[in-house]
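J.: Let me begin by handing over the structure; questions about it come next.
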Amino acid sequence: MLYLDCCRLCKTGPLRLRRCGSCASTWIVCDECDALWTSPDLSASPVIEDSATLPCPGCGASLWAAGSSWATEEQARAEKWIADAIEAGQLDLKNDPL
Amino acid sequence: MGKAPLPVVIGIVVLVGVGAWLLPTAQDQPPVVDRAPPRLEAPAEAPDAPRAKAGGVDADQAEGRQSVDQLARECGLESVGRSVYVSPAGVRYRRGSEQGHRLLHLATHTQDNPSRPFSHGVFAGENLPDAVAIVDDAYRQAQAGKRVDVEREGRRTVYRVEMGRRVGYVGGQRGAARGRPAARRIQLVMEGGNLITAYPVK
């Protein structure tokens, strides 16, 4: 599974790329504490809204609903702002070690 | 064998041709009428059919809620609303996380996950009731302001509570690299009284 970095808020969870099952947009989400970033600036404050459903910033559908999933590398690169950030060296995609 | 006379042959050909023309073709067949009586009961569900919905609630969700209900009872939590449980110390466990419920997420910290790229705290006892009890101890201590570091960001509060005893160990990749050290602190990530996540840290 892909990850980017360690969450600066909980200092434990890997930041991963969550793809919305409704609108197919992709966001950076900590898989431990559900903090969410909508830009590659991970020093910025995360978006923390309804922690029960984790609404997609694009369409409001739950990012935990069936159909949403952790993005593959291909899906991640299909999201322009993520692809641009990877290209610019702002984000670095890594795979879980095992 | 002698040859048939020409008029006989012509007669046979004409009879076969007329017979073929008179036979009904498939298109001429009347439509097949299903004379079976109308079904009064719902058809049997195909094995891969979507799960039935009852009152707008997916059957899988209902089953999931039932299992969370059972876990909550085993942990001594009180049900205070739909899928909302509260512990004796006042920690609320609600829906959320990839696992679907905060209690199920907490359960991921009752065993190591060596594939986690960073730390993965594992509660002593390695079972959910013990984990819930340790979280309660940590929350009481945090509320009392005893040996606790507090960090706030928006609606989130992160407590790091020194427990004064071993409360688990550090697993994951970082924990493995350090020989799974004992953890004496609990980190609580809360939104008010709602638990987001909790785990032992060094």
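In the structure tokens, the first chain shown is A, the next is B, and so on; residue numbers restart at 1 for each chain, and ligands run from 1 in the order shown.
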Mind listing as an MDAnalysis selection string which residues of chain A are within 6 Å of chain B, counting only C-alpha atoms?

T.: chainID A and resid 12 52:53 64 96 98

J.: Where does DSSP see strand (DSSP E) in chain A, if you list the residues as a count of residues only?

T.: 18

J.: When you count only C-alpha atoms, which of these residues is closest to Lys202 (chain B): B:Val161, B:Ala144, B:Ala72, B:Leu104?

T.: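 When distances to Lys202 (chain B) are compared using only C-alpha atoms, the smallest one comes from B:Val161.
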
J.: So that I can check the secondary structure, give me every residue of region 4-89 of chain A assigned alpha helix (DSSP H) by backbone DSSP, as a list in words.

T.: Glu73, Glu74, Gln75, Ala76, Arg77, Ala78, Lys80, Trp81, Ile82, Ala83, Asp84, Ala85, Ile86 and Glu87 of chain A

J.: Need to verify the contact set: Ala44 (chain A), 12 Å, only C-alpha atoms, exclusion of same-chain residues closer than 6 positions in sequence. Can you return it as a list in words?

T.: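 What passes the distance filter is Cys7, Arg8, Leu9, Ala35, Leu36, Trp37 and Thr38 of chain A; Glu153 and Gly154 of chain B.
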
J.: Show which residues sit within 7 Å of region 68-79 of chain A, as a list in words. Count only C-alpha atoms, and ignore same-chain residues fewer than 3 positions away.

T.: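 Those residues are Leu17, Arg18, Arg19, Cys20, Gly21, Ser25, Thr26, Leu63, Trp64, Ala65, Ile82 and Ala83 of chain A.
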
J.: My list of candidates is A:Gly60, A:Cys33, A:Leu42, A:Gly67. Which is closest to Gln90 (chain A) when distances are computed with only C-alpha atoms?

T.: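 Looking only at the distances to Gln90 (chain A), the closest residue turns out to be A:Leu42.
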
J.: Choose the residue, out of A:Asp34, A:Cys59, A:Asp5, A:Pro40, that has the smallest atom-to-atom separation from Glu87 (chain A); count only C-alpha atoms.

T.: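 Counting only C-alpha atoms, the residue closest to Glu87 (chain A) is A:Pro40.
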
J.: From the list B:Ser83, B:Ala131, B:Tyr139, B:Phe123, which residue is nearest Gly192 (chain B) when using only C-alpha atoms?

T.: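 When distances to Gly192 (chain B) are compared using only C-alpha atoms, the smallest one comes from B:Tyr139.
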
J.: Can you list, as a PyMOL selection string, every protein, DNA or RNA residue that comes within 6 Å of Cys6 (chain A) when you count only C-alpha atoms, leaving out same-chain residues fewer than 5 positions away?

T.: chain A and resi 13-15

J.: Region 76-81 of chain B: which residues within 12 Å, counting only C-alpha atoms, same-chain residues fewer than 5 positions away excluded, as a list of chain:residue names?

T.: B:Arg65, B:Gln66, B:Val68, B:Asp69, B:Gln70, B:Leu71, B:Val86, B:Ser87, B:Pro88, B:Ala89, B:Gly90, B:Val91, B:Arg92, B:Tyr93, B:Arg94, B:Arg95, B:Leu103, B:Leu128, B:Pro129, B:Asp130, B:Ala131, B:Val132, B:Ala133, B:Asp136
